[in-house]
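> Take a look at this one; I'll ask things after.
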Amino acid sequence: MKRILVRTPKEGLVDITGAVEGALEGHTGLVYLFVPHTTCGLAVQEGADPDVAHDLLQRLSELAPRLHPKDRHREGNSHAHLKSLLTGVHLLLPAEGGRLRLGRWQQVFLAEYDGPREREVWIRPL
Amino acid sequence: MKRILVRTPKEGLVDITGAVEGALEGHTGLVYLFVPHTTCGLAVQEGADPDVAHDLLQRLSELAPRLHPKDRHREGNSHAHLKSLLTGVHLLLPAEGGRLRLGRWQQVFLAEYDGPREREVWIRPL
Amino acid sequence: MKRILVRTPKEGLVDITGAVEGALEGHTGLVYLFVPHTTCGLAVQEGADPDVAHDLLQRLSELAPRLHPKDRHREGNSHAHLKSLLTGVHLLLPAEGGRLRLGRWQQVFLAEYDGPREREVWIRPL
């Protein structure tokens, strides 16, 4: 299992497509990605227009508001745990000749919901 | 990687179970499914009662309303991007002798959130 | 495909990490998990503080309320179908020497949204 490190902002969709491809070594088949974290996620989404990421984060922040009157977890980041649950922590993606083989508008993102941090992404050709 | 094409309505859960099985050629093991799109998704859900799909789409449309005052993406389909993020764009499913091996009530759906379109589903036995 | 059975409460995140590891037989690689059900899900989330599960379930119950005026499905569990869709029914996880290789705070949960029931988790080393 290879690992890449990703520096993240407080909140944001960080495009890791190129970084993942840097670990593929010409692989053709499928690629498994996993984040060993509970307040971020992995998502395939549109990368062409950064406004899409803006809208996604804005809308998610309303589905999972930072403060909730019934929260018990004292770290105050239950909103980020929920976003992580909704997003998921693993992906399985097609690769061809060391490049991810995605749709025309797709990129791979680490979705940071509780940064800034240095996150790990585990990568395994399959 | 095989591909099937799926004609979708404006919005809806399109049962693709049979179409996927048509590409399995007797395979036993796991089957990987991927949609190269950013405003639809893949889901395993109940297929017996079509009212379940109705309720899911109705409830999702309230979590991700079509219009949002803070949206910036000019195509006006940020609601569909969000639903796609929440649903996911890949599945890995059990197969046996060319049939998907699912639970009693499960079927595989392409969840269309921004149609009508012709969508691709990529399929790979594993 | 191996199977384990999981007794669930009415609603709750049931930690199945140990039960899954009990089926790994020293496997190193990836492990595929699948639930053949439509009103529960599989999630990787924080297991150290049980308050995280409390907050997740509380927040999810507001995103998917038990009663919805437009629901048509007569079983009255459309909220659980929606939570299942948002959570997902399969996982692919790293394993090493028969143990799941997760992040420091991660555990694997069966997310029960419509119990109590006896649920199946299908497991396959990969």
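Chain labels run A, B, ... following the order of the structure tokens; each chain numbers its residues from 1, and ligands are numbered from 1 in the order shown.
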Hey, could you make a per-residue contact list for chain A against chain C with 12 Å as the cut-off, showing the nearest pair of atoms and its distance in Å to one decimal, counting only C-alpha atoms, sorted by chain and number, as a tab-separated table?


residue	atom	partner	partner_atom	distance
A:Met1	CA	C:Pro94	CA	8.6
A:Lys2	CA	C:Pro94	CA	11.7
A:Val31	CA	C:Leu92	CA	11.6
A:Tyr32	CA	C:Leu92	CA	8.4
A:Leu33	CA	C:Leu92	CA	9.4
A:Phe34	CA	C:Leu93	CA	7.7
A:Val35	CA	C:Gly103	CA	7.8
A:Pro36	CA	C:Gly103	CA	4.0
A:His37	CA	C:Gly103	CA	5.9
A:Thr38	CA	C:Gln45	CA	5.4
A:Thr39	CA	C:Gln45	CA	8.5
A:Cys40	CA	C:Gln45	CA	10.4
A:Gly41	CA	C:Val44	CA	10.6
A:Leu60	CA	C:Leu63	CA	11.5
A:Glu62	CA	C:Leu63	CA	10.5
A:Leu63	CA	C:Leu63	CA	7.2
A:Ala64	CA	C:Arg59	CA	7.5
A:Pro65	CA	C:Arg59	CA	9.5
A:Arg66	CA	C:Arg59	CA	11.3
A:Leu67	CA	C:Arg59	CA	10.9
A:His68	CA	C:Arg59	CA	8.3
A:Pro69	CA	C:Asp55	CA	10.1
A:Lys70	CA	C:Asp55	CA	7.2
A:Asp71	CA	C:Asp55	CA	5.2
A:Arg72	CA	C:Asp51	CA	5.6
A:His73	CA	C:Asp51	CA	4.9
A:Arg74	CA	C:Asp51	CA	8.3
A:Glu75	CA	C:Val52	CA	9.5
A:Gly76	CA	C:Val52	CA	10.0
A:Asn77	CA	C:Val52	CA	9.0
A:Ser78	CA	C:Asp55	CA	6.4
A:His79	CA	C:Leu56	CA	8.3
A:Ala80	CA	C:Leu56	CA	9.9
A:His81	CA	C:Leu56	CA	7.3
A:Leu82	CA	C:Leu56	CA	5.8
A:Lys83	CA	C:Leu56	CA	9.6
A:Ser84	CA	C:Gln45	CA	8.2
A:Leu85	CA	C:Thr87	CA	6.5
A:Leu86	CA	C:Leu86	CA	5.7
A:Thr87	CA	C:Thr87	CA	8.2
A:Gly88	CA	C:Ala43	CA	7.7
A:Val89	CA	C:Val44	CA	7.3
A:His90	CA	C:Leu92	CA	7.1
A:Leu91	CA	C:Leu92	CA	8.3
A:Leu92	CA	C:Leu92	CA	8.5
A:Arg119	CA	C:Gly103	CA	10.9
A:Glu120	CA	C:Gly103	CA	9.5
A:Val121	CA	C:Gly103	CA	10.7
A:Trp122	CA	C:Pro94	CA	9.2
A:Ile123	CA	C:Pro94	CA	10.1
A:Arg124	CA	C:Leu30	CA	9.3
A:Pro125	CA	C:Gly29	CA	11.0
A:Leu126	CA	C:Leu126	CA	9.3

> Please provide as an NGL selection string all residues within 10 Å of A:Val6, with the sequence filter that same-chain residues fewer than 2 positions apart are discarded (counting only C-alpha atoms).

:A and (3-4 or 8-9 or 14-16 or 19 or 110 or 117-121)

> Can you spit out the residues from that selection as an mmCIF file, in the first residue's frame, using C-alpha atoms?


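Contents of out_38.cif, freshly written:
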data_model
loop_
_atom_site.group_PDB
_atom_site.id
_atom_site.type_symbol
_atom_site.label_atom_id
_atom_site.label_comp_id
_atom_site.auth_asym_id
_atom_site.auth_seq_id
_atom_site.Cartn_x
_atom_site.Cartn_y
_atom_site.Cartn_z
ATOM 1 C CA ARG A 3 0.765 6.543 0.752
ATOM 2 C CA ILE A 4 0.605 10.119 -0.324
ATOM 3 C CA THR A 8 -5.584 20.535 3.359
ATOM 4 C CA PRO A 9 -7.306 23.854 4.071
ATOM 5 C CA VAL A 14 -8.566 19.202 -2.755
ATOM 6 C CA ASP A 15 -7.928 17.812 -6.231
ATOM 7 C CA ILE A 16 -5.645 14.782 -5.772
ATOM 8 C CA ALA A 19 -0.963 13.046 -6.932
ATOM 9 C CA LEU A 110 -10.004 14.649 -0.878
ATOM 10 C CA ARG A 117 -4.367 19.043 8.439
ATOM 11 C CA GLU A 118 -1.917 16.770 6.732
ATOM 12 C CA ARG A 119 -3.974 13.826 5.512
ATOM 13 C CA GLU A 120 -2.879 10.437 4.213
ATOM 14 C CA VAL A 121 -4.298 8.736 1.171
#

> Can you tell me, as a PyMOL selection string, which residues in chain A count as strand (DSSP E) by DSSP?

chain A and resi 2-7+12-15+29-34+40-46+90-96+99-100+106-112+118-125

> Could you pull out the helix (DSSP H, G or I) residues of stretch 20-57 of chain B from DSSP and send them as an MDAnalysis selection string?

chainID B and resid 20:21 50:57

> Write the selection just made, keeping all heavy atoms, as a tab-separated table (two decimals), in the first residue's frame?


chain	number	residue	atom	x	y	z
B	20	VAL	N	-26.80	-4.99	-16.35
B	20	VAL	CA	-25.47	-5.33	-15.83
B	20	VAL	C	-25.23	-6.83	-15.99
B	20	VAL	O	-24.16	-7.25	-16.46
B	20	VAL	CB	-25.33	-4.91	-14.35
B	20	VAL	CG1	-24.07	-5.50	-13.73
B	20	VAL	CG2	-25.34	-3.39	-14.23
B	21	GLU	N	-26.21	-7.63	-15.63
B	21	GLU	CA	-26.05	-9.09	-15.74
B	21	GLU	C	-25.80	-9.51	-17.19
B	21	GLU	O	-25.09	-10.49	-17.44
B	21	GLU	CB	-27.27	-9.80	-15.16
B	21	GLU	CG	-27.31	-9.65	-13.63
B	21	GLU	CD	-28.53	-10.28	-13.00
B	21	GLU	OE1	-29.55	-10.45	-13.70
B	21	GLU	OE2	-28.47	-10.61	-11.80
B	50	PRO	N	-42.05	0.24	-6.05
B	50	PRO	CA	-41.58	1.48	-6.69
B	50	PRO	C	-41.82	2.72	-5.82
B	50	PRO	O	-41.22	3.77	-6.06
B	50	PRO	CB	-42.39	1.54	-7.99
B	50	PRO	CG	-43.50	0.57	-7.84
B	50	PRO	CD	-43.06	-0.46	-6.85
B	51	ASP	N	-42.67	2.59	-4.82
B	51	ASP	CA	-42.89	3.72	-3.92
B	51	ASP	C	-41.62	4.08	-3.13
B	51	ASP	O	-41.46	5.22	-2.70
B	51	ASP	CB	-44.03	3.42	-2.94
B	51	ASP	CG	-45.39	3.52	-3.62
B	51	ASP	OD1	-45.46	4.12	-4.71
B	51	ASP	OD2	-46.37	3.03	-3.05
B	52	VAL	N	-40.74	3.10	-2.93
B	52	VAL	CA	-39.49	3.41	-2.23
B	52	VAL	C	-38.69	4.42	-3.03
B	52	VAL	O	-38.19	5.41	-2.49
B	52	VAL	CB	-38.66	2.13	-1.96
B	52	VAL	CG1	-37.29	2.48	-1.42
B	52	VAL	CG2	-39.40	1.22	-0.99
B	53	ALA	N	-38.57	4.18	-4.34
B	53	ALA	CA	-37.83	5.13	-5.19
B	53	ALA	C	-38.49	6.51	-5.15
B	53	ALA	O	-37.81	7.54	-5.06
B	53	ALA	CB	-37.78	4.61	-6.63
B	54	HIS	N	-39.80	6.54	-5.19
B	54	HIS	CA	-40.52	7.83	-5.09
B	54	HIS	C	-40.13	8.57	-3.82
B	54	HIS	O	-39.81	9.77	-3.85
B	54	HIS	CB	-42.03	7.59	-5.11
B	54	HIS	CG	-42.81	8.79	-4.70
B	54	HIS	ND1	-43.09	9.08	-3.36
B	54	HIS	CD2	-43.33	9.81	-5.41
B	54	HIS	CE1	-43.77	10.22	-3.29
B	54	HIS	NE2	-43.92	10.68	-4.53
B	55	ASP	N	-40.17	7.85	-2.71
B	55	ASP	CA	-39.90	8.51	-1.43
B	55	ASP	C	-38.44	8.96	-1.35
B	55	ASP	O	-38.15	10.06	-0.85
B	55	ASP	CB	-40.20	7.54	-0.27
B	55	ASP	CG	-41.69	7.21	-0.20
B	55	ASP	OD1	-42.48	7.74	-1.00
B	55	ASP	OD2	-42.06	6.38	0.66
B	56	LEU	N	-37.53	8.14	-1.86
B	56	LEU	CA	-36.11	8.51	-1.84
B	56	LEU	C	-35.88	9.79	-2.65
B	56	LEU	O	-35.19	10.71	-2.19
B	56	LEU	CB	-35.26	7.38	-2.42
B	56	LEU	CG	-35.12	6.13	-1.53
B	56	LEU	CD1	-34.46	5.00	-2.30
B	56	LEU	CD2	-34.32	6.46	-0.27
B	57	LEU	N	-36.46	9.85	-3.84
B	57	LEU	CA	-36.23	11.02	-4.69
B	57	LEU	C	-36.89	12.26	-4.10
B	57	LEU	O	-36.32	13.36	-4.16
B	57	LEU	CB	-36.76	10.74	-6.10
B	57	LEU	CG	-35.96	9.69	-6.87
B	57	LEU	CD1	-36.71	9.27	-8.12
B	57	LEU	CD2	-34.56	10.21	-7.22

> Give me, please, the distance in Å between atom CA of B:Leu5 and atom CA of A:Thr17, quoted to one decimal.

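The value is 25.8 Å.
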
> Have a look at atom CA of C:Ala95 and atom CA of A:Gly12 and let me know their distance in Å, one decimal.

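Atom-to-atom, atom CA of C:Ala95 and atom CA of A:Gly12 are spaced 29.2 Å apart.
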
> If you measure from atom CA of A:Pro116 to atom CA of A:Lys10, what distance in Å do you get, rounded to one decimal?

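These atoms are spaced 4.3 Å apart.
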